[in-house]
$ cat structure.csv   # CSV, C-alpha atoms and all ligand atoms
chain,number,residue,atom,x,y,z
A,289,MET,CA,8.1,36.8,-82.4
A,290,GLU,CA,7.6,40.6,-82.5
A,291,SER,CA,8.5,42.5,-79.4
A,292,VAL,CA,6.0,43.7,-76.9
A,293,THR,CA,4.7,47.3,-77.1
A,294,HIS,CA,6.1,49.1,-74.1
A,295,VAL,CA,4.2,52.0,-72.5
A,296,GLY,CA,5.7,55.3,-73.3
A,297,GLY,CA,4.6,58.9,-73.5
A,298,ASP,CA,1.5,60.1,-71.8
A,299,PRO,CA,0.0,59.0,-68.5
A,300,LEU,CA,-3.5,57.8,-67.8
A,301,VAL,CA,-5.3,60.9,-66.5
A,302,ILE,CA,-8.6,61.0,-64.6
A,303,GLU,CA,-9.6,64.6,-64.5
A,304,ASN,CA,-12.5,66.2,-62.5
A,305,MET,CA,-14.4,63.0,-63.0
A,306,GLY,CA,-17.9,62.6,-61.8
A,307,PHE,CA,-20.1,59.5,-62.0
A,308,ALA,CA,-23.5,58.5,-60.5
A,309,TYR,CA,-25.8,55.5,-60.8
A,310,SER,CA,-29.0,57.5,-61.0
A,311,GLU,CA,-29.4,58.9,-57.4
A,312,LEU,CA,-26.2,57.3,-56.1
A,313,THR,CA,-23.1,59.5,-56.6
A,314,ILE,CA,-20.0,57.4,-56.7
A,315,PHE,CA,-17.4,60.0,-57.7
A,316,ASN,CA,-17.3,63.7,-57.6
A,317,ASP,CA,-14.4,65.6,-59.0
A,318,LEU,CA,-12.0,62.7,-58.9
A,319,GLN,CA,-8.4,63.3,-59.9
A,320,ILE,CA,-5.9,60.5,-60.4
A,321,THR,CA,-2.9,60.4,-62.7
A,322,VAL,CA,-1.2,57.1,-63.4
A,323,GLN,CA,2.3,57.3,-64.9
A,324,PRO,CA,3.2,55.1,-67.9
A,325,GLY,CA,4.5,51.8,-66.6
A,326,GLU,CA,3.3,52.5,-63.0
A,327,PHE,CA,1.9,49.7,-60.9
A,328,LEU,CA,-1.0,51.2,-59.0
A,329,SER,CA,-3.2,49.4,-56.5
A,330,ILE,CA,-6.5,50.6,-55.3
A,331,ILE,CA,-7.9,49.3,-52.0
A,332,GLY,CA,-11.0,50.3,-50.0
A,333,PRO,CA,-14.0,48.7,-48.4
A,334,SER,CA,-16.6,46.9,-50.4
A,335,GLY,CA,-19.0,49.3,-52.2
A,336,CYS,CA,-16.5,52.2,-52.3
A,337,GLY,CA,-16.6,52.2,-56.1
A,338,LYS,CA,-13.5,50.2,-57.1
A,339,THR,CA,-15.1,48.2,-59.9
A,340,THR,CA,-17.0,51.3,-61.0
A,341,LEU,CA,-13.7,53.1,-61.3
A,342,LEU,CA,-12.2,50.3,-63.5
A,343,ASN,CA,-15.2,50.3,-65.7
A,344,LEU,CA,-14.8,54.0,-66.1
A,345,LEU,CA,-11.1,53.5,-67.0
A,346,SER,CA,-11.9,50.9,-69.6
A,347,GLY,CA,-14.7,53.0,-71.1
A,348,PHE,CA,-17.4,50.4,-70.2
A,349,LEU,CA,-19.0,53.3,-68.3
A,350,GLU,CA,-19.0,56.9,-69.3
A,351,PRO,CA,-18.2,59.7,-66.8
A,352,ASP,CA,-21.0,62.2,-66.2
A,353,ALA,CA,-18.4,64.9,-65.8
A,354,GLY,CA,-14.7,65.3,-66.5
A,355,SER,CA,-12.7,62.8,-68.4
A,356,VAL,CA,-10.5,59.7,-68.5
A,357,MET,CA,-7.7,59.9,-71.1
A,358,LEU,CA,-4.8,57.7,-72.1
A,359,ARG,CA,-2.3,59.3,-74.4
A,360,GLY,CA,-4.7,62.2,-74.9
A,361,THR,CA,-7.5,60.0,-76.1
A,362,LYS,CA,-10.6,58.7,-74.5
A,363,LEU,CA,-10.5,54.9,-73.8
A,364,LYS,CA,-13.2,52.8,-75.3
A,365,PRO,CA,-14.1,49.2,-74.6
A,366,GLU,CA,-13.2,48.1,-78.1
A,367,ASP,CA,-9.8,49.8,-77.7
A,368,PRO,CA,-7.1,47.1,-78.0
A,369,HIS,CA,-4.8,49.0,-75.6
A,370,PHE,CA,-6.3,47.8,-72.4
A,371,GLY,CA,-6.8,44.3,-71.0
A,372,TYR,CA,-9.1,43.3,-68.2
A,373,VAL,CA,-8.5,40.4,-65.7
A,374,PHE,CA,-11.4,39.6,-63.4
A,375,GLN,CA,-11.7,37.8,-60.0
A,376,GLN,CA,-13.1,34.7,-61.6
A,377,ALA,CA,-11.2,33.2,-64.6
A,378,THR,CA,-13.4,34.0,-67.6
A,379,LEU,CA,-12.5,31.1,-69.9
A,380,PHE,CA,-14.6,29.3,-72.5
A,381,PRO,CA,-15.1,25.8,-70.9
A,382,TRP,CA,-15.3,24.1,-74.3
A,383,LEU,CA,-12.1,25.5,-75.7
A,384,SER,CA,-8.6,24.1,-74.8
A,385,THR,CA,-6.1,26.3,-72.9
A,386,ILE,CA,-4.3,27.4,-76.0
A,387,GLU,CA,-7.6,28.0,-77.9
A,388,ASN,CA,-8.7,30.2,-75.0
A,389,VAL,CA,-5.5,32.2,-75.2
A,390,GLU,CA,-5.8,32.5,-79.0
A,391,PHE,CA,-9.4,33.6,-79.0
A,392,GLY,CA,-8.9,37.3,-78.9
A,393,LEU,CA,-6.2,37.1,-81.6
A,394,LYS,CA,-8.6,35.1,-83.8
A,395,MET,CA,-11.3,37.8,-83.3
A,396,ALA,CA,-8.7,40.4,-84.2
A,397,GLY,CA,-8.0,38.6,-87.5
A,398,VAL,CA,-4.5,37.4,-86.7
A,399,ALA,CA,-3.4,34.5,-88.9
A,400,SER,CA,-3.5,31.0,-87.4
A,401,LYS,CA,0.3,30.4,-87.4
A,402,GLU,CA,1.1,33.7,-85.7
A,403,ARG,CA,-1.8,33.1,-83.3
A,404,ARG,CA,-0.4,29.8,-82.2
A,405,GLU,CA,3.1,31.2,-81.8
A,406,ARG,CA,2.0,34.1,-79.7
A,407,ALA,CA,-0.3,32.0,-77.5
A,408,THR,CA,2.4,29.4,-77.0
A,409,HIS,CA,4.8,32.2,-75.9
A,410,TYR,CA,2.4,33.6,-73.4
A,411,LEU,CA,1.4,30.3,-72.0
A,412,GLU,CA,5.1,29.6,-71.5
A,413,MET,CA,5.4,33.0,-69.7
A,414,VAL,CA,2.7,32.1,-67.2
A,415,GLY,CA,4.3,28.7,-66.6
A,416,LEU,CA,1.7,26.6,-68.5
A,417,SER,CA,3.8,24.9,-71.2
A,418,GLY,CA,2.6,21.3,-71.5
A,419,PHE,CA,-1.0,22.3,-70.7
A,420,GLU,CA,-2.0,23.6,-74.1
A,421,ASN,CA,-4.6,21.0,-74.8
A,422,TYR,CA,-6.2,20.8,-71.4
A,423,LEU,CA,-9.8,22.0,-71.0
A,424,PRO,CA,-10.1,24.7,-68.3
A,425,LEU,CA,-12.1,22.4,-65.9
A,426,LYS,CA,-9.1,20.1,-65.8
A,427,LEU,CA,-7.0,22.9,-64.4
A,428,SER,CA,-6.7,24.2,-60.8
A,429,GLY,CA,-8.1,27.7,-59.9
A,430,GLY,CA,-4.6,29.1,-59.9
A,431,MET,CA,-3.9,27.6,-63.3
A,432,GLN,CA,-7.2,28.9,-64.7
A,433,GLN,CA,-6.3,32.4,-63.5
A,434,ARG,CA,-2.9,32.1,-65.3
A,435,VAL,CA,-4.7,31.2,-68.5
A,436,SER,CA,-6.9,34.3,-68.0
A,437,LEU,CA,-3.7,36.3,-67.6
A,438,ALA,CA,-2.1,34.8,-70.7
A,439,ARG,CA,-5.3,35.5,-72.6
A,440,THR,CA,-5.2,39.1,-71.7
A,441,LEU,CA,-1.5,39.6,-72.0
A,442,VAL,CA,-1.3,38.0,-75.5
A,443,MET,CA,-3.2,41.0,-76.8
A,444,GLU,CA,-0.3,43.1,-75.5
A,445,PRO,CA,-2.4,45.8,-73.8
A,446,ARG,CA,-0.7,49.0,-72.7
A,447,LEU,CA,-3.0,49.2,-69.7
A,448,LEU,CA,-3.8,46.2,-67.6
A,449,LEU,CA,-6.9,46.6,-65.4
A,450,MET,CA,-7.2,43.9,-62.7
A,451,ASP,CA,-10.2,43.6,-60.5
A,452,GLU,CA,-9.3,41.4,-57.5
A,453,PRO,CA,-7.8,38.8,-59.9
A,454,PHE,CA,-6.4,36.6,-57.2
A,455,GLY,CA,-9.1,37.1,-54.6
A,456,ALA,CA,-10.6,33.6,-55.1
A,457,LEU,CA,-7.3,31.8,-54.7
A,458,ASP,CA,-5.9,30.3,-51.5
A,459,ALA,CA,-3.1,32.4,-49.8
A,460,ILE,CA,-0.2,30.3,-51.0
A,461,THR,CA,-1.3,30.3,-54.6
A,462,ARG,CA,-2.0,34.0,-54.4
A,463,ASP,CA,1.5,34.7,-53.2
A,464,ASP,CA,2.9,32.6,-56.2
A,465,MET,CA,0.7,34.5,-58.6
A,466,ASN,CA,1.9,37.8,-57.1
A,467,ASP,CA,5.5,36.7,-57.9
A,468,GLU,CA,4.6,35.7,-61.4
A,469,LEU,CA,2.7,38.9,-62.1
A,470,LEU,CA,5.7,40.9,-60.9
A,471,THR,CA,8.1,38.9,-63.2
A,472,LEU,CA,5.7,39.4,-66.1
A,473,TRP,CA,5.3,43.1,-65.4
A,474,ASP,CA,9.1,43.5,-65.2
A,475,LYS,CA,9.3,42.1,-68.7
A,476,LEU,CA,6.3,43.8,-70.3
A,477,GLY,CA,6.3,47.1,-68.5
A,478,GLN,CA,2.6,47.8,-68.8
A,479,THR,CA,0.7,50.4,-66.7
A,480,VAL,CA,-1.3,48.3,-64.2
A,481,VAL,CA,-4.3,49.4,-62.2
A,482,PHE,CA,-4.8,46.6,-59.7
A,483,ILE,CA,-7.8,46.3,-57.3
A,484,THR,CA,-7.5,44.2,-54.2
A,485,HIS,CA,-8.9,43.8,-50.7
A,486,ASP,CA,-5.5,42.4,-49.5
A,487,ILE,CA,-3.2,45.0,-48.0
A,488,ASP,CA,-0.1,42.7,-48.2
A,489,GLU,CA,-0.7,42.0,-51.9
A,490,ALA,CA,-1.1,45.8,-52.6
A,491,ILE,CA,2.2,46.6,-50.8
A,492,TYR,CA,4.1,43.7,-52.3
A,493,LEU,CA,3.2,44.6,-55.9
A,494,SER,CA,2.8,48.3,-56.1
A,495,ASP,CA,4.7,51.5,-56.8
A,496,ARG,CA,1.7,53.3,-55.4
A,497,ILE,CA,-1.4,52.5,-53.4
A,498,ILE,CA,-4.6,54.5,-53.3
A,499,VAL,CA,-7.1,54.0,-50.5
A,500,LEU,CA,-10.6,55.0,-51.8
A,501,ASN,CA,-13.0,56.6,-49.4
A,502,ARG,CA,-16.7,56.1,-49.2
A,503,PRO,CA,-18.6,57.4,-52.2
A,504,PRO,CA,-18.4,60.1,-53.3
A,505,LYS,CA,-15.4,61.3,-51.4
A,506,GLY,CA,-12.8,59.8,-53.7
A,507,VAL,CA,-9.1,59.4,-52.7
A,508,TYR,CA,-8.5,59.0,-49.0
A,509,ARG,CA,-4.8,58.2,-49.1
A,510,ASP,CA,-2.2,58.1,-51.9
A,511,ILE,CA,1.0,56.4,-50.9
A,512,THR,CA,4.1,56.1,-53.1
A,513,SER,CA,6.1,53.1,-52.1
A,514,GLU,CA,9.7,53.4,-51.3
A,515,ILE,CA,10.2,49.6,-51.2
A,516,PRO,CA,13.0,48.9,-53.7
A,517,ARG,CA,12.8,46.6,-56.7
A,518,PRO,CA,13.4,43.9,-57.7
A,519,ARG,CA,11.2,42.5,-54.9
A,520,ASN,CA,11.0,39.0,-53.6
A,521,SER,CA,8.5,37.5,-51.2
A,522,LYS,CA,11.1,36.5,-48.6
A,523,GLU,CA,12.7,39.9,-48.2
A,524,THR,CA,10.1,42.3,-49.3
A,525,ARG,CA,7.3,40.9,-47.1
A,526,THR,CA,9.4,41.1,-44.0
A,527,CYS,CA,11.2,44.4,-44.5
A,528,ASP,CA,10.5,47.4,-42.1
A,529,LEU,CA,8.9,49.5,-44.7
A,530,PHE,CA,6.5,46.8,-45.6
A,531,TRP,CA,5.3,46.7,-41.9
A,532,ASP,CA,5.2,50.5,-41.8
A,533,TYR,CA,2.9,50.7,-44.8
A,534,LYS,CA,0.8,47.8,-43.5
A,535,LYS,CA,0.2,49.6,-40.2
A,536,GLU,CA,-0.7,52.8,-42.0
A,537,LEU,CA,-3.0,51.3,-44.6
A,538,ARG,CA,-4.8,49.2,-42.0
A,539,ALA,CA,-5.5,52.3,-39.9
A,540,ASP,CA,-6.7,54.1,-43.1
A,541,ILE,CA,-9.1,51.4,-44.0
A,542,GLU,CA,-10.4,51.1,-40.5
A,543,SER,CA,-10.9,54.8,-40.4
A,544,VAL,CA,-12.8,54.8,-43.8
A,545,ALA,CA,-15.0,51.9,-42.5
A,546,LYS,CA,-15.7,53.7,-39.2
A,547,SER,CA,-16.6,56.9,-41.0
A,548,ALA,CA,-19.3,55.1,-42.8
A,549,VAL,CA,-20.9,53.8,-39.6
A,550,ILE,CA,-21.0,57.3,-38.1
A,551,ALA,CA,-22.3,58.9,-41.3
B,1,LIG,N1,-25.0,48.8,-62.1
B,1,LIG,C1,-25.2,49.4,-60.9
B,1,LIG,N2,-26.4,50.1,-60.7
B,1,LIG,C2,-26.6,50.8,-59.5
B,1,LIG,N3,-25.7,50.8,-58.5
B,1,LIG,C3,-24.6,50.1,-58.6
B,1,LIG,C4,-24.2,49.4,-59.8
B,1,LIG,N4,-23.0,48.8,-59.7
B,1,LIG,C5,-22.6,49.1,-58.5
B,1,LIG,N5,-23.5,49.9,-57.8
B,1,LIG,C6,-23.4,50.5,-56.5
B,1,LIG,O1,-22.3,51.4,-56.5
B,1,LIG,C7,-21.5,51.3,-55.4
B,1,LIG,C8,-20.0,51.0,-55.7
B,1,LIG,O2,-20.0,49.6,-56.3
B,1,LIG,P1,-18.7,48.9,-56.8
B,1,LIG,O3,-18.0,49.8,-57.8
B,1,LIG,O4,-19.1,47.6,-57.3
B,1,LIG,O5,-17.8,48.9,-55.5
B,1,LIG,P2,-16.6,47.9,-55.1
B,1,LIG,O6,-16.1,47.3,-56.3
B,1,LIG,O7,-15.7,48.9,-54.4
B,1,LIG,O8,-17.1,46.9,-54.1
B,1,LIG,C9,-22.1,50.2,-54.5
B,1,LIG,O9,-23.0,50.9,-53.6
B,1,LIG,C10,-23.0,49.4,-55.4
B,1,LIG,O10,-24.1,48.9,-54.8
B,2,MG,MG,-15.8,45.3,-56.9

$ encode --input "structure.csv" --output "structure tokens"
Amino acid sequence: MESVTHVGGDPLVIENMGFAYSELTIFNDLQITVQPGEFLSIIGPSGCGKTTLLNLLSGFLEPDAGSVMLRGTKLKPEDPHFGYVFQQATLFPWLSTIENVEFGLKMAGVASKERRERATHYLEMVGLSGFENYLPLKLSGGMQQRVSLARTLVMEPRLLLMDEPFGALDAITRDDMNDELLTLWDKLGQTVVFITHDIDEAIYLSDRIIVLNRPPKGVYRDITSEIPRPRNSKETRTCDLFWDYKKELRADIESVAKSAVIA
């Protein structure tokens, strides 16, 4: 099994970026730099442009001004260096778990033996050994989301873009998935841009948290977390710093929400 491509070199740089949906300006002169291997979470009220930002990062949308660059090159949707995980598991219902994980490799022309080996390895990493031949509908929501994660990770992306990936799961399953994601990220070392509504999840996972303001105001707050790693639910979620960040972020989000009512 070949080793995973670790992120090195240049950061992901959003520079002077502007974007509008016709009359509706979402970003104006946005600047964010994400360091290689950094775990960045983005939070903010609904409609503040989180999904739009991820689509700009992946190249699904083109900025009207400025640029998004990874390693000095513009990202494109067909670029194999990023992987996307959405809120709802996006699996083919007629394919088995392992066939779902293999699908991207098949499209990329990877030979069947290697495909099977890599898919098996990633299914094991997300704790789904033994479920290779199940159809998605036979799996719980949490398990389906793990398959989605395996399906994305098997492509070994340098940049992992996650749009509220655990938002549809119950609180306990979400906490478990947070732990699994951290374990995987420790092993793989990708750059992660993670969108969530959940303040606890953002603090638990991230090196850095950005609160987005109402469009087109951009970054409202940018916090670098001092919570040490490795983290574990029991200690991290009860430490003083965790509560400090939680108080601060909650106040920020309330303030952003309020500003919208006044404006
Ligand atoms: N394809 C689109 N065309 C026009 N407006 C859009 C489109 N997608 C999103 N919007 C608008 O852009 C704003 C930001 O949306 P979005 O990025 O989905 O926010 P979030 O993910 O933070 O909830 C919202 O006001 C939304 O209605
Ligand atoms: Mg969204």

$ residues_around --input "structure.csv" --residues "Val499 in chain A" --least-positions-apart "2" --cutoff "10 Å" --atoms "all atoms listed in the file" --output "PDB file with C-alpha atoms, in the coordinates of the input"
ATOM      1  CA  SER A 329      -3.200  49.400 -56.500  1.00  0.00           C
ATOM      2  CA  ILE A 330      -6.500  50.600 -55.300  1.00  0.00           C
ATOM      3  CA  ILE A 331      -7.900  49.300 -52.000  1.00  0.00           C
ATOM      4  CA  GLY A 332     -11.000  50.300 -50.000  1.00  0.00           C
ATOM      5  CA  PRO A 333     -14.000  48.700 -48.400  1.00  0.00           C
ATOM      6  CA  CYS A 336     -16.500  52.200 -52.300  1.00  0.00           C
ATOM      7  CA  LYS A 338     -13.500  50.200 -57.100  1.00  0.00           C
ATOM      8  CA  ILE A 497      -1.400  52.500 -53.400  1.00  0.00           C
ATOM      9  CA  ASN A 501     -13.000  56.600 -49.400  1.00  0.00           C
ATOM     10  CA  ARG A 502     -16.700  56.100 -49.200  1.00  0.00           C
ATOM     11  CA  GLY A 506     -12.800  59.800 -53.700  1.00  0.00           C
ATOM     12  CA  VAL A 507      -9.100  59.400 -52.700  1.00  0.00           C
ATOM     13  CA  TYR A 508      -8.500  59.000 -49.000  1.00  0.00           C
ATOM     14  CA  ARG A 509      -4.800  58.200 -49.100  1.00  0.00           C
ATOM     15  CA  ASP A 510      -2.200  58.100 -51.900  1.00  0.00           C
ATOM     16  CA  ILE A 511       1.000  56.400 -50.900  1.00  0.00           C
ATOM     17  CA  LEU A 537      -3.000  51.300 -44.600  1.00  0.00           C
ATOM     18  CA  ASP A 540      -6.700  54.100 -43.100  1.00  0.00           C
ATOM     19  CA  ILE A 541      -9.100  51.400 -44.000  1.00  0.00           C
ATOM     20  CA  VAL A 544     -12.800  54.800 -43.800  1.00  0.00           C
TER      21      VAL A 544
END

$ residues_around --input "structure.csv" --residues "range 410-419 of chain A" --least-positions-apart "4" --cutoff "9 Å" --atoms "only C-alpha atoms" --output "short mmCIF file (atom, residue, chain, number, x, y, z; two decimals) with C-alpha atoms, in the frame of the given file"
data_model
loop_
_atom_site.label_atom_id
_atom_site.label_comp_id
_atom_site.auth_asym_id
_atom_site.auth_seq_id
_atom_site.Cartn_x
_atom_site.Cartn_y
_atom_site.Cartn_z
CA SER A 384 -8.60 24.10 -74.80
CA THR A 385 -6.10 26.30 -72.90
CA ILE A 386 -4.30 27.40 -76.00
CA VAL A 389 -5.50 32.20 -75.20
CA GLU A 405 3.10 31.20 -81.80
CA ARG A 406 2.00 34.10 -79.70
CA LEU A 423 -9.80 22.00 -71.00
CA LEU A 427 -7.00 22.90 -64.40
CA MET A 431 -3.90 27.60 -63.30
CA ARG A 434 -2.90 32.10 -65.30
CA VAL A 435 -4.70 31.20 -68.50
CA LEU A 437 -3.70 36.30 -67.60
CA ALA A 438 -2.10 34.80 -70.70
CA ARG A 439 -5.30 35.50 -72.60
CA LEU A 441 -1.50 39.60 -72.00
CA VAL A 442 -1.30 38.00 -75.50
CA GLU A 468 4.60 35.70 -61.40
CA LEU A 469 2.70 38.90 -62.10
CA LEU A 472 5.70 39.40 -66.10
#

$ residues_near_ligand --input "structure.csv" --ligand "ligand LIG 1 (chain B)" --cutoff "10 Å" --atoms "all atoms listed in the file" --output "PDB file with C-alpha atoms, in the coordinates of the input"
ATOM      1  CA  ALA A 308     -23.500  58.500 -60.500  1.00  0.00           C
ATOM      2  CA  TYR A 309     -25.800  55.500 -60.800  1.00  0.00           C
ATOM      3  CA  SER A 310     -29.000  57.500 -61.000  1.00  0.00           C
ATOM      4  CA  GLU A 311     -29.400  58.900 -57.400  1.00  0.00           C
ATOM      5  CA  LEU A 312     -26.200  57.300 -56.100  1.00  0.00           C
ATOM      6  CA  THR A 313     -23.100  59.500 -56.600  1.00  0.00           C
ATOM      7  CA  ILE A 314     -20.000  57.400 -56.700  1.00  0.00           C
ATOM      8  CA  PHE A 315     -17.400  60.000 -57.700  1.00  0.00           C
ATOM      9  CA  ILE A 330      -6.500  50.600 -55.300  1.00  0.00           C
ATOM     10  CA  ILE A 331      -7.900  49.300 -52.000  1.00  0.00           C
ATOM     11  CA  GLY A 332     -11.000  50.300 -50.000  1.00  0.00           C
ATOM     12  CA  PRO A 333     -14.000  48.700 -48.400  1.00  0.00           C
ATOM     13  CA  SER A 334     -16.600  46.900 -50.400  1.00  0.00           C
ATOM     14  CA  GLY A 335     -19.000  49.300 -52.200  1.00  0.00           C
ATOM     15  CA  CYS A 336     -16.500  52.200 -52.300  1.00  0.00           C
ATOM     16  CA  GLY A 337     -16.600  52.200 -56.100  1.00  0.00           C
ATOM     17  CA  LYS A 338     -13.500  50.200 -57.100  1.00  0.00           C
ATOM     18  CA  THR A 339     -15.100  48.200 -59.900  1.00  0.00           C
ATOM     19  CA  THR A 340     -17.000  51.300 -61.000  1.00  0.00           C
ATOM     20  CA  LEU A 341     -13.700  53.100 -61.300  1.00  0.00           C
ATOM     21  CA  LEU A 342     -12.200  50.300 -63.500  1.00  0.00           C
ATOM     22  CA  ASN A 343     -15.200  50.300 -65.700  1.00  0.00           C
ATOM     23  CA  LEU A 344     -14.800  54.000 -66.100  1.00  0.00           C
ATOM     24  CA  LEU A 349     -19.000  53.300 -68.300  1.00  0.00           C
ATOM     25  CA  ASP A 451     -10.200  43.600 -60.500  1.00  0.00           C
ATOM     26  CA  GLU A 452      -9.300  41.400 -57.500  1.00  0.00           C
ATOM     27  CA  ILE A 483      -7.800  46.300 -57.300  1.00  0.00           C
ATOM     28  CA  THR A 484      -7.500  44.200 -54.200  1.00  0.00           C
ATOM     29  CA  HIS A 485      -8.900  43.800 -50.700  1.00  0.00           C
ATOM     30  CA  LEU A 500     -10.600  55.000 -51.800  1.00  0.00           C
ATOM     31  CA  ASN A 501     -13.000  56.600 -49.400  1.00  0.00           C
ATOM     32  CA  ARG A 502     -16.700  56.100 -49.200  1.00  0.00           C
ATOM     33  CA  PRO A 503     -18.600  57.400 -52.200  1.00  0.00           C
ATOM     34  CA  PRO A 504     -18.400  60.100 -53.300  1.00  0.00           C
TER      35      PRO A 504
END

$ residues_around --input "structure.csv" --residues "Val322 in chain A" --least-positions-apart "6" --cutoff "8 Å" --atoms "only C-alpha atoms" --output "PDB file with C-alpha atoms, in the frame of the given file"
ATOM      1  CA  PRO A 299       0.000  59.000 -68.500  1.00  0.00           C
ATOM      2  CA  LEU A 300      -3.500  57.800 -67.800  1.00  0.00           C
ATOM      3  CA  VAL A 301      -5.300  60.900 -66.500  1.00  0.00           C
ATOM      4  CA  LEU A 328      -1.000  51.200 -59.000  1.00  0.00           C
ATOM      5  CA  THR A 479       0.700  50.400 -66.700  1.00  0.00           C
TER       6      THR A 479
END

$ atom_distance --input "structure.csv" --atom1 "CA of Ala539 in chain A" --atom2 "CA of Ile487 in chain A"
11.1 Å

$ residues_around --input "structure.csv" --residues "Lys362 in chain A" --least-positions-apart "5" --cutoff "12 Å" --atoms "only C-alpha atoms" --output "mmCIF file with C-alpha atoms, keeping the file's coordinate frame"
data_model
loop_
_atom_site.group_PDB
_atom_site.id
_atom_site.type_symbol
_atom_site.label_atom_id
_atom_site.label_comp_id
_atom_site.auth_asym_id
_atom_site.auth_seq_id
_atom_site.Cartn_x
_atom_site.Cartn_y
_atom_site.Cartn_z
ATOM 1 C CA LEU A 300 -3.500 57.800 -67.800
ATOM 2 C CA VAL A 301 -5.300 60.900 -66.500
ATOM 3 C CA ILE A 302 -8.600 61.000 -64.600
ATOM 4 C CA GLU A 303 -9.600 64.600 -64.500
ATOM 5 C CA LEU A 344 -14.800 54.000 -66.100
ATOM 6 C CA LEU A 345 -11.100 53.500 -67.000
ATOM 7 C CA SER A 346 -11.900 50.900 -69.600
ATOM 8 C CA GLY A 347 -14.700 53.000 -71.100
ATOM 9 C CA PHE A 348 -17.400 50.400 -70.200
ATOM 10 C CA LEU A 349 -19.000 53.300 -68.300
ATOM 11 C CA GLU A 350 -19.000 56.900 -69.300
ATOM 12 C CA PRO A 351 -18.200 59.700 -66.800
ATOM 13 C CA GLY A 354 -14.700 65.300 -66.500
ATOM 14 C CA SER A 355 -12.700 62.800 -68.400
ATOM 15 C CA VAL A 356 -10.500 59.700 -68.500
ATOM 16 C CA MET A 357 -7.700 59.900 -71.100
ATOM 17 C CA ASP A 367 -9.800 49.800 -77.700
ATOM 18 C CA HIS A 369 -4.800 49.000 -75.600
ATOM 19 C CA PHE A 370 -6.300 47.800 -72.400
#

$ atom_distance --input "structure.csv" --atom1 "CA of Phe530 in chain A" --atom2 "CA of Ile515 in chain A"
7.3 Å

$ closest_residue --input "structure.csv" --among "A:Gln432, A:Arg403, A:Met450, A:Leu425" --to "ligand MG 2 (chain B)" --atoms "all atoms listed in the file"
A:Met450

$ closest_residue --input "structure.csv" --among "A:Phe327, A:Phe454, A:Phe374, A:Trp382" --to "ligand MG 2 (chain B)" --atoms "only C-alpha atoms and all ligand atoms"
A:Phe374

$ residues_around --input "structure.csv" --residues "Arg517 in chain A" --least-positions-apart "3" --cutoff "10 Å" --atoms "all atoms listed in the file" --output "PyMOL selection string"
chain A and resi 474+493+495+514+520+524

$ closest_residue --input "structure.csv" --among "A:Asp298, A:Ser521, A:Gly392, A:Gly455" --to "ligand MG 2 (chain B)" --atoms "all atoms listed in the file"
A:Gly455

$ closest_residue --input "structure.csv" --among "A:Met465, A:Met395, A:Asp488, A:Pro453" --to "ligand MG 2 (chain B)" --atoms "all atoms listed in the file"
A:Pro453

$ closest_residue --input "structure.csv" --among "A:Asn316, A:Gln375, A:Gln478, A:Thr440" --to "ligand MG 2 (chain B)" --atoms "only C-alpha atoms and all ligand atoms"
A:Gln375

$ atom_distance --input "structure.csv" --atom1 "CA of Gln319 in chain A" --atom2 "CA of Met305 in chain A"
6.8 Å

$ closest_residue --input "structure.csv" --among "A:Trp473, A:Phe482, A:Asp464, A:Leu457" --to "ligand MG 2 (chain B)" --atoms "only C-alpha atoms and all ligand atoms"
A:Phe482

$ build_atoms --input "structure.csv" --residues "range 305-311 of chain A" --atoms "N, CA, C and O atoms" --output "tab-separated table (two decimals), in the coordinates of the input"
chain	number	residue	atom	x	y	z
A	305	MET	N	-13.41	63.98	-62.58
A	305	MET	CA	-14.40	63.00	-63.00
A	305	MET	C	-15.56	62.87	-62.02
A	305	MET	O	-15.35	62.71	-60.82
A	306	GLY	N	-16.75	62.89	-62.56
A	306	GLY	CA	-17.90	62.60	-61.80
A	306	GLY	C	-18.70	61.47	-62.36
A	306	GLY	O	-18.71	61.27	-63.58
A	307	PHE	N	-19.29	60.65	-61.46
A	307	PHE	CA	-20.10	59.50	-62.00
A	307	PHE	C	-21.17	59.18	-60.94
A	307	PHE	O	-20.90	59.12	-59.73
A	308	ALA	N	-22.39	58.90	-61.40
A	308	ALA	CA	-23.50	58.50	-60.50
A	308	ALA	C	-24.28	57.36	-61.18
A	308	ALA	O	-24.43	57.34	-62.41
A	309	TYR	N	-24.75	56.39	-60.35
A	309	TYR	CA	-25.80	55.50	-60.80
A	309	TYR	C	-27.11	56.11	-60.40
A	309	TYR	O	-27.46	56.08	-59.21
A	310	SER	N	-27.80	56.69	-61.28
A	310	SER	CA	-29.00	57.50	-61.00
A	310	SER	C	-28.80	58.38	-59.75
A	310	SER	O	-28.01	59.32	-59.76
A	311	GLU	N	-29.44	58.03	-58.62
A	311	GLU	CA	-29.40	58.90	-57.40
A	311	GLU	C	-28.05	58.72	-56.66
A	311	GLU	O	-27.70	59.54	-55.82
